[in-house]
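Visitor: What follows is model_2.cif; its format and atoms are mmCIF, C-alpha atoms.
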data_upload
loop_
_atom_site.group_PDB
_atom_site.id
_atom_site.type_symbol
_atom_site.label_atom_id
_atom_site.label_comp_id
_atom_site.auth_asym_id
_atom_site.auth_seq_id
_atom_site.Cartn_x
_atom_site.Cartn_y
_atom_site.Cartn_z
ATOM 1 C CA MET A 1 -0.816 17.248 -17.882
ATOM 2 C CA THR A 2 -0.197 15.033 -20.879
ATOM 3 C CA ALA A 3 -2.843 12.363 -21.192
ATOM 4 C CA ILE A 4 -1.743 8.810 -20.550
ATOM 5 C CA ALA A 5 -2.139 6.576 -23.571
ATOM 6 C CA ALA A 6 -5.489 4.823 -23.588
ATOM 7 C CA ASP A 7 -3.910 1.436 -24.220
ATOM 8 C CA ALA A 8 -1.585 1.800 -21.219
ATOM 9 C CA GLY A 9 -4.107 0.510 -18.706
ATOM 10 C CA PRO A 10 -7.752 0.770 -17.599
ATOM 11 C CA GLN A 11 -9.271 3.888 -19.140
ATOM 12 C CA TRP A 12 -10.989 5.058 -15.971
ATOM 13 C CA VAL A 13 -7.657 5.008 -14.097
ATOM 14 C CA ASN A 14 -6.019 6.935 -16.925
ATOM 15 C CA ASP A 15 -8.805 9.506 -16.761
ATOM 16 C CA LEU A 16 -8.474 9.941 -13.001
ATOM 17 C CA MET A 17 -4.710 10.410 -13.125
ATOM 18 C CA ASP A 18 -4.923 12.675 -16.141
ATOM 19 C CA ALA A 19 -7.486 14.887 -14.389
ATOM 20 C CA LEU A 20 -6.186 14.804 -10.801
ATOM 21 C CA GLY A 21 -2.588 13.636 -10.974
ATOM 22 C CA ALA A 22 -1.285 11.721 -7.934
ATOM 23 C CA PRO A 23 -4.532 12.281 -5.955
ATOM 24 C CA GLY A 24 -6.304 10.500 -8.818
ATOM 25 C CA ALA A 25 -4.087 7.454 -8.254
ATOM 26 C CA GLY A 26 -4.938 7.623 -4.553
ATOM 27 C CA LEU A 27 -8.661 7.775 -5.345
ATOM 28 C CA ALA A 28 -8.334 4.756 -7.653
ATOM 29 C CA ILE A 29 -6.653 2.757 -4.876
ATOM 30 C CA ALA A 30 -9.322 3.796 -2.359
ATOM 31 C CA LEU A 31 -11.961 2.457 -4.764
ATOM 32 C CA GLU A 32 -9.911 -0.725 -5.210
ATOM 33 C CA ASN A 33 -10.150 -1.300 -1.449
ATOM 34 C CA LEU A 34 -13.913 -0.856 -1.479
ATOM 35 C CA PHE A 35 -14.407 -3.024 -4.568
ATOM 36 C CA PRO A 36 -11.788 -5.831 -4.290
ATOM 37 C CA PRO A 37 -12.055 -7.042 -7.920
ATOM 38 C CA LEU A 38 -10.504 -3.743 -9.047
ATOM 39 C CA PRO A 39 -6.814 -4.585 -9.619
ATOM 40 C CA SER A 40 -4.287 -2.720 -7.461
ATOM 41 C CA GLU A 41 -1.572 -4.711 -9.219
ATOM 42 C CA VAL A 42 -2.560 -2.833 -12.381
ATOM 43 C CA ILE A 43 -3.285 0.585 -10.864
ATOM 44 C CA LEU A 44 -0.027 0.864 -8.903
ATOM 45 C CA PRO A 45 2.450 -0.038 -11.682
ATOM 46 C CA LEU A 46 0.505 2.227 -14.035
ATOM 47 C CA ALA A 47 0.902 5.091 -11.551
ATOM 48 C CA GLY A 48 4.615 4.297 -11.336
ATOM 49 C CA PHE A 49 4.861 4.401 -15.119
ATOM 50 C CA ALA A 50 3.103 7.782 -15.138
ATOM 51 C CA ALA A 51 5.642 9.053 -12.592
ATOM 52 C CA SER A 52 8.555 7.793 -14.687
ATOM 53 C CA SER A 53 7.123 9.721 -17.642
ATOM 54 C CA GLY A 54 7.240 12.935 -15.627
ATOM 55 C CA ARG A 55 3.467 13.245 -15.391
ATOM 56 C CA MET A 56 3.509 13.290 -11.577
ATOM 57 C CA SER A 57 5.930 13.125 -8.672
ATOM 58 C CA LEU A 58 7.027 9.659 -7.541
ATOM 59 C CA LEU A 59 6.884 10.691 -3.877
ATOM 60 C CA ALA A 60 3.400 12.130 -4.369
ATOM 61 C CA VAL A 61 2.248 8.857 -5.952
ATOM 62 C CA LEU A 62 3.579 6.836 -3.000
ATOM 63 C CA LEU A 63 1.957 9.139 -0.433
ATOM 64 C CA TRP A 64 -1.393 9.438 -2.180
ATOM 65 C CA THR A 65 -1.766 5.722 -2.977
ATOM 66 C CA THR A 66 -0.941 4.811 0.631
ATOM 67 C CA ALA A 67 -3.466 7.381 1.860
ATOM 68 C CA GLY A 68 -6.052 5.918 -0.521
ATOM 69 C CA SER A 69 -5.352 2.413 0.801
ATOM 70 C CA VAL A 70 -5.844 3.520 4.408
ATOM 71 C CA ILE A 71 -9.037 5.471 3.651
ATOM 72 C CA GLY A 72 -10.560 2.526 1.768
ATOM 73 C CA ALA A 73 -9.548 0.079 4.526
ATOM 74 C CA LEU A 74 -10.985 2.381 7.197
ATOM 75 C CA ALA A 75 -14.307 2.504 5.333
ATOM 76 C CA LEU A 76 -14.517 -1.309 5.303
ATOM 77 C CA TYR A 77 -13.508 -1.423 8.986
ATOM 78 C CA GLY A 78 -16.444 0.893 9.696
ATOM 79 C CA VAL A 79 -18.809 -1.334 7.726
ATOM 80 C CA GLY A 80 -17.774 -4.383 9.749
ATOM 81 C CA ALA A 81 -18.002 -2.511 13.062
ATOM 82 C CA LEU A 82 -21.403 -0.940 12.359
ATOM 83 C CA LEU A 83 -23.190 -3.809 10.630
ATOM 84 C CA GLY A 84 -21.605 -6.859 12.237
ATOM 85 C CA ARG A 85 -20.706 -10.103 10.524
ATOM 86 C CA ASP A 86 -24.095 -11.439 9.447
ATOM 87 C CA ARG A 87 -25.423 -8.248 7.873
ATOM 88 C CA THR A 88 -22.081 -7.546 6.176
ATOM 89 C CA VAL A 89 -22.003 -11.023 4.627
ATOM 90 C CA ALA A 90 -25.665 -10.673 3.573
ATOM 91 C CA ILE A 91 -24.899 -7.402 1.763
ATOM 92 C CA ALA A 92 -21.751 -8.854 0.169
ATOM 93 C CA ALA A 93 -23.785 -11.786 -1.165
ATOM 94 C CA ARG A 94 -25.856 -9.338 -3.218
ATOM 95 C CA LEU A 95 -22.852 -7.648 -4.821
ATOM 96 C CA PRO A 96 -22.080 -9.055 -8.272
ATOM 97 C CA LEU A 97 -18.268 -9.083 -8.054
ATOM 98 C CA VAL A 98 -17.776 -10.067 -4.395
ATOM 99 C CA LYS A 99 -17.623 -13.714 -3.325
ATOM 100 C CA VAL A 100 -18.884 -14.635 0.142
ATOM 101 C CA SER A 101 -16.346 -17.473 0.171
ATOM 102 C CA ASP A 102 -13.536 -14.904 -0.033
ATOM 103 C CA ILE A 103 -14.961 -13.109 2.999
ATOM 104 C CA GLU A 104 -15.200 -16.375 4.930
ATOM 105 C CA LYS A 105 -11.604 -17.304 4.084
ATOM 106 C CA THR A 106 -10.423 -13.883 5.195
ATOM 107 C CA GLU A 107 -12.439 -14.114 8.409
ATOM 108 C CA ALA A 108 -10.973 -17.514 9.282
ATOM 109 C CA TRP A 109 -7.467 -16.208 8.610
ATOM 110 C CA PHE A 110 -8.078 -13.161 10.821
ATOM 111 C CA LEU A 111 -9.468 -15.254 13.683
ATOM 112 C CA ARG A 112 -6.395 -17.448 13.529
ATOM 113 C CA HIS A 113 -3.700 -14.777 13.204
ATOM 114 C CA GLY A 114 -5.213 -11.600 14.664
ATOM 115 C CA THR A 115 -3.081 -8.477 14.286
ATOM 116 C CA LYS A 116 -0.565 -10.275 12.046
ATOM 117 C CA ALA A 117 -3.378 -10.973 9.599
ATOM 118 C CA VAL A 118 -4.028 -7.234 9.158
ATOM 119 C CA PHE A 119 -0.377 -6.440 8.433
ATOM 120 C CA PHE A 120 0.415 -9.356 6.121
ATOM 121 C CA GLY A 121 -3.095 -9.333 4.673
ATOM 122 C CA ARG A 122 -2.361 -5.950 3.104
ATOM 123 C CA MET A 123 0.144 -7.736 0.873
ATOM 124 C CA ILE A 124 -2.105 -10.570 -0.328
ATOM 125 C CA PRO A 125 -4.495 -10.138 -3.282
ATOM 126 C CA ILE A 126 -8.215 -10.081 -2.339
ATOM 127 C CA PHE A 127 -7.354 -10.505 1.357
ATOM 128 C CA ARG A 128 -5.771 -7.052 1.350
ATOM 129 C CA SER A 129 -9.166 -5.397 1.010
ATOM 130 C CA LEU A 130 -11.398 -7.830 2.866
ATOM 131 C CA ILE A 131 -9.155 -8.174 5.942
ATOM 132 C CA SER A 132 -10.543 -4.841 7.184
ATOM 133 C CA VAL A 133 -14.054 -6.300 7.573
ATOM 134 C CA PRO A 134 -13.351 -8.905 10.312
ATOM 135 C CA ALA A 135 -11.054 -6.380 11.996
ATOM 136 C CA GLY A 136 -14.070 -4.073 12.261
ATOM 137 C CA VAL A 137 -16.426 -6.856 13.309
ATOM 138 C CA GLU A 138 -14.050 -7.844 16.122
ATOM 139 C CA ARG A 139 -13.538 -4.151 17.019
ATOM 140 C CA MET A 140 -9.744 -4.281 16.805
ATOM 141 C CA ARG A 141 -8.324 -1.189 18.482
ATOM 142 C CA LEU A 142 -8.415 1.557 15.878
ATOM 143 C CA PRO A 143 -4.850 2.904 16.436
ATOM 144 C CA VAL A 144 -3.474 -0.640 16.037
ATOM 145 C CA PHE A 145 -5.556 -1.235 12.922
ATOM 146 C CA LEU A 146 -4.499 2.060 11.329
ATOM 147 C CA GLY A 147 -0.824 1.508 12.147
ATOM 148 C CA LEU A 148 -0.700 -2.023 10.723
ATOM 149 C CA THR A 149 -2.783 -1.048 7.688
ATOM 150 C CA THR A 150 -0.608 1.955 6.903
ATOM 151 C CA LEU A 151 2.630 -0.004 7.209
ATOM 152 C CA GLY A 152 1.430 -2.996 5.183
ATOM 153 C CA SER A 153 -0.113 -0.765 2.511
ATOM 154 C CA ALA A 154 3.027 1.359 2.233
ATOM 155 C CA ILE A 155 5.160 -1.739 1.595
ATOM 156 C CA TRP A 156 2.769 -3.206 -0.990
ATOM 157 C CA ASN A 157 2.262 0.109 -2.794
ATOM 158 C CA THR A 158 5.953 0.994 -2.836
ATOM 159 C CA VAL A 159 6.942 -2.337 -4.397
ATOM 160 C CA PHE A 160 4.411 -2.049 -7.219
ATOM 161 C CA VAL A 161 4.792 1.668 -7.870
ATOM 162 C CA LEU A 162 8.588 1.325 -8.064
ATOM 163 C CA ALA A 163 8.231 -1.711 -10.327
ATOM 164 C CA GLY A 164 6.158 0.352 -12.755
ATOM 165 C CA TYR A 165 8.526 3.289 -12.384
ATOM 166 C CA PHE A 166 11.646 1.313 -13.337
ATOM 167 C CA LEU A 167 9.990 -0.892 -15.963
ATOM 168 C CA GLY A 168 8.519 2.141 -17.722
ATOM 169 C CA ALA A 169 6.575 1.153 -20.820
ATOM 170 C CA ASN A 170 7.032 -2.525 -19.856
ATOM 171 C CA TRP A 171 5.033 -2.096 -16.632
ATOM 172 C CA HIS A 172 2.547 -4.715 -17.912
ATOM 173 C CA GLN A 173 5.061 -7.403 -16.906
ATOM 174 C CA VAL A 174 4.184 -6.750 -13.261
ATOM 175 C CA SER A 175 0.602 -7.870 -13.826
ATOM 176 C CA ASP A 176 1.756 -11.165 -15.363
ATOM 177 C CA ILE A 177 3.963 -11.917 -12.361
ATOM 178 C CA VAL A 178 1.241 -10.985 -9.864
ATOM 179 C CA SER A 179 -1.352 -13.128 -11.636
ATOM 180 C CA ALA A 180 0.781 -16.214 -10.999
ATOM 181 C CA TYR A 181 1.492 -15.039 -7.432
ATOM 182 C CA SER A 182 -2.230 -14.497 -6.780
ATOM 183 C CA ARG A 183 -3.148 -17.992 -7.922
ATOM 184 C CA ILE A 184 -0.521 -19.569 -5.668
ATOM 185 C CA VAL A 185 -1.545 -17.454 -2.673
ATOM 186 C CA LEU A 186 -5.232 -18.215 -3.088
ATOM 187 C CA VAL A 187 -4.588 -21.967 -3.344
ATOM 188 C CA VAL A 188 -2.417 -21.875 -0.201
ATOM 189 C CA ALA A 189 -5.046 -19.772 1.599
ATOM 190 C CA ALA A 190 -7.816 -22.189 0.629
ATOM 191 C CA VAL A 191 -5.809 -25.152 1.950
ATOM 192 C CA ALA A 192 -5.033 -23.271 5.174
ATOM 193 C CA VAL A 193 -8.695 -22.404 5.734
ATOM 194 C CA LEU A 194 -9.768 -26.011 5.139
ATOM 195 C CA ALA A 195 -7.148 -27.226 7.618
ATOM 196 C CA PHE A 196 -8.239 -24.627 10.171
ATOM 197 C CA THR A 197 -11.911 -25.562 9.774
ATOM 198 C CA ALA A 198 -11.167 -29.296 10.043
ATOM 199 C CA LEU A 199 -9.135 -28.699 13.205
ATOM 200 C CA ARG A 200 -11.967 -26.735 14.834
ATOM 201 C CA LEU A 201 -14.532 -29.388 13.904
ATOM 202 C CA ARG A 202 -12.260 -32.085 15.328
ATOM 203 C CA ARG A 203 -11.810 -30.254 18.619
ATOM 204 C CA ARG A 204 -15.534 -29.839 19.244
ATOM 205 C CA PRO A 205 -16.267 -33.571 19.828
ATOM 206 C CA GLU A 206 -13.130 -33.826 21.974
ATOM 207 C CA ARG A 207 -14.300 -30.923 24.143
ATOM 208 C CA ALA A 208 -17.780 -32.388 24.386
ATOM 209 C CA ALA A 209 -16.372 -35.794 25.403
ATOM 210 C CA GLY A 210 -14.099 -34.137 27.939
ATOM 211 C CA ASN A 211 -16.956 -32.185 29.497
ATOM 212 C CA CYS A 212 -19.088 -35.320 29.645
ATOM 213 C CA ALA A 213 -16.319 -37.324 31.338
ATOM 214 C CA THR A 214 -15.771 -34.551 33.866
ATOM 215 C CA SER A 215 -19.445 -34.441 34.764
ATOM 216 C CA HIS A 216 -19.490 -38.254 35.310
ATOM 217 C CA ASN A 217 -16.361 -38.214 37.464
ATOM 218 C CA GLU A 218 -17.453 -35.385 39.743
ATOM 219 C CA PRO A 219 -18.184 -36.722 43.252
ATOM 220 C CA VAL A 220 -21.793 -36.508 44.354
ATOM 221 C CA PRO A 221 -22.020 -34.266 47.432
ATOM 222 C CA ALA A 222 -23.028 -36.167 50.562
ATOM 223 C CA ARG A 223 -26.469 -35.428 51.905
ATOM 224 C CA SER A 224 -26.638 -33.959 55.350
ATOM 225 C CA PRO A 225 -28.720 -36.088 57.738
ATOM 226 C CA ARG A 226 -32.269 -34.899 58.188
ATOM 227 C CA PRO A 227 -33.059 -33.656 61.662
ATOM 228 C CA PRO A 228 -35.282 -35.986 63.684
ATOM 229 C CA ASN A 229 -38.916 -35.114 63.820
ATOM 230 C CA SER A 230 -39.853 -33.318 67.000
#
For this file, produce the structure as structure tokens.
Guide:
Amino acid sequence: MTAIAADAGPQWVNDLMDALGAPGAGLAIALENLFPPLPSEVILPLAGFAASSGRMSLLAVLLWTTAGSVIGALALYGVGALLGRDRTVAIAARLPLVKVSDIEKTEAWFLRHGTKAVFFGRMIPIFRSLISVPAGVERMRLPVFLGLTTLGSAIWNTVFVLAGYFLGANWHQVSDIVSAYSRIVLVVAAVAVLAFTALRLRRRPERAAGNCATSHNEPVPARSPRPPNS
């Protein structure tokens, strides 16, 4: 296989695809799921560009990158299921490129939207990797998780691979567009999480007041008369 130009993207991705072809692109995407700061919006268009250059089959790229997405997501699901929330967050806090705040935002979004969060989360930067963790913590049914993850990943991967395929040597333009998209999404997500947290904090005093009022309004059961002493 002809080596991909070194200036056409991250060198390690070039090396993987040069050595393994489409499976190399799938491996890169699996690693991107496990280490969210790795950029799928760079890996996928680059794989599409490689396919347009005849270095690998377009269909093979789509299949292998989707398989890599599912494998990486399944690994994070397993981490959440086996370790639970607290230990997972504690481990994430020690990783240099992972922000605990991103995990907390993703968790709040999952708790609010459930299964929809897994599907749509696969198409949102940062969330697309981390959404698997709360799904594992909450023990979402595995067939449902795999189905939603596969479908969401296939859509995301297809859009970016095809963009790189048709843009050819100009595939870098995809990254510029996604950078702006990512900033907007993260701002909207942060606002949504703050609103969700504020709503939950507001409901707690209301529930407490309601429970207190109920306890005061409950009728006191009448005492049965004591039997006379014999």
Visitor: For Gly164 of chain A, which of A:Met17, A:Val133, A:Ala81, A:Val61 is the closest residue, counting all atoms listed in the file?
Guide: A:Val61
Visitor: Run the PyMOL selection byres ((chain A and resi 79) around 12) mentally over the shown coordinates, then write out the matched residues as a PyMOL selection string, using the chain letters and numbers from the document.
Guide: chain A and resi 34+72-78+80-89+91-92+130-139
Visitor: Okay, now the selection with C-alpha atoms, as a PDB file, in the frame of the given file?
Guide:
ATOM      1  CA  LEU A  34     -13.913  -0.856  -1.479  1.00  0.00           C
ATOM      2  CA  GLY A  72     -10.560   2.526   1.768  1.00  0.00           C
ATOM      3  CA  ALA A  73      -9.548   0.079   4.526  1.00  0.00           C
ATOM      4  CA  LEU A  74     -10.985   2.381   7.197  1.00  0.00           C
ATOM      5  CA  ALA A  75     -14.307   2.504   5.333  1.00  0.00           C
ATOM      6  CA  LEU A  76     -14.517  -1.309   5.303  1.00  0.00           C
ATOM      7  CA  TYR A  77     -13.508  -1.423   8.986  1.00  0.00           C
ATOM      8  CA  GLY A  78     -16.444   0.893   9.696  1.00  0.00           C
ATOM      9  CA  GLY A  80     -17.774  -4.383   9.749  1.00  0.00           C
ATOM     10  CA  ALA A  81     -18.002  -2.511  13.062  1.00  0.00           C
ATOM     11  CA  LEU A  82     -21.403  -0.940  12.359  1.00  0.00           C
ATOM     12  CA  LEU A  83     -23.190  -3.809  10.630  1.00  0.00           C
ATOM     13  CA  GLY A  84     -21.605  -6.859  12.237  1.00  0.00           C
ATOM     14  CA  ARG A  85     -20.706 -10.103  10.524  1.00  0.00           C
ATOM     15  CA  ASP A  86     -24.095 -11.439   9.447  1.00  0.00           C
ATOM     16  CA  ARG A  87     -25.423  -8.248   7.873  1.00  0.00           C
ATOM     17  CA  THR A  88     -22.081  -7.546   6.176  1.00  0.00           C
ATOM     18  CA  VAL A  89     -22.003 -11.023   4.627  1.00  0.00           C
ATOM     19  CA  ILE A  91     -24.899  -7.402   1.763  1.00  0.00           C
ATOM     20  CA  ALA A  92     -21.751  -8.854   0.169  1.00  0.00           C
ATOM     21  CA  LEU A 130     -11.398  -7.830   2.866  1.00  0.00           C
ATOM     22  CA  ILE A 131      -9.155  -8.174   5.942  1.00  0.00           C
ATOM     23  CA  SER A 132     -10.543  -4.841   7.184  1.00  0.00           C
ATOM     24  CA  VAL A 133     -14.054  -6.300   7.573  1.00  0.00           C
ATOM     25  CA  PRO A 134     -13.351  -8.905  10.312  1.00  0.00           C
ATOM     26  CA  ALA A 135     -11.054  -6.380  11.996  1.00  0.00           C
ATOM     27  CA  GLY A 136     -14.070  -4.073  12.261  1.00  0.00           C
ATOM     28  CA  VAL A 137     -16.426  -6.856  13.309  1.00  0.00           C
ATOM     29  CA  GLU A 138     -14.050  -7.844  16.122  1.00  0.00           C
ATOM     30  CA  ARG A 139     -13.538  -4.151  17.019  1.00  0.00           C
TER      31      ARG A 139
END
Visitor: Which value, in Å to one decimal, gives the distance between atom CA of Arg128 of chain A and atom CA of Ala47 of chain A?
Guide: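 According to the coordinates, atom CA of Arg128 of chain A and atom CA of Ala47 of chain A are separated by 18.9 Å.
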Visitor: What separation in Å, quoted to one decimal, exists between atom CA of Trp156 of chain A and atom CA of Leu62 of chain A?
Guide: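 Taking atom CA of Trp156 of chain A and atom CA of Leu62 of chain A, their separation equals 10.3 Å.
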Visitor: Looking at A:His172, A:Arg122, A:Lys105, A:Arg55, which one is nearest to Asn157 of chain A, with distances taken over only C-alpha atoms?
Guide: A:Arg122
Visitor: Pick out the residues sitting within 9 Å of segment 110-115 of chain A, and hand them over as a ChimeraX atom specification; count all atoms listed in the file, and ignore anything fewer than 3 positions along from it in its own chain.
Guide: /A:105-107,118-121,131,134-135,140,144-145,148,196
Visitor: Here is a test: counting all atoms listed in the file, which residue of A:Gly68, A:Gly152, A:Pro125, A:Gly168 is nearest to Pro23 of chain A?
Guide: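 Closest residue, counting all atoms listed in the file: A:Gly68.
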Visitor: Carefully work through the PyMOL selection byres ((chain A and resi 57) around 12) for this structure and note down the residues it includes, as a VMD selection string.
Guide: chain A and resid 17 21 to 23 25 47 to 56 58 to 64 161 165
Visitor: My list of candidates is A:Ala28, A:Met123, A:Val174, A:Ala19. Which is closest to Thr149 of chain A when distances are computed with all atoms listed in the file?
Guide: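 Using all atoms listed in the file, the shortest distance to Thr149 of chain A belongs to A:Met123.
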Visitor: Using the chain letters and numbers from this file, what does the PyMOL selection byres ((chain A and resi 13) around 8) select? Give the answer as a PyMOL selection string.
Guide: chain A and resi 9-12+14-17+24-25+28+43
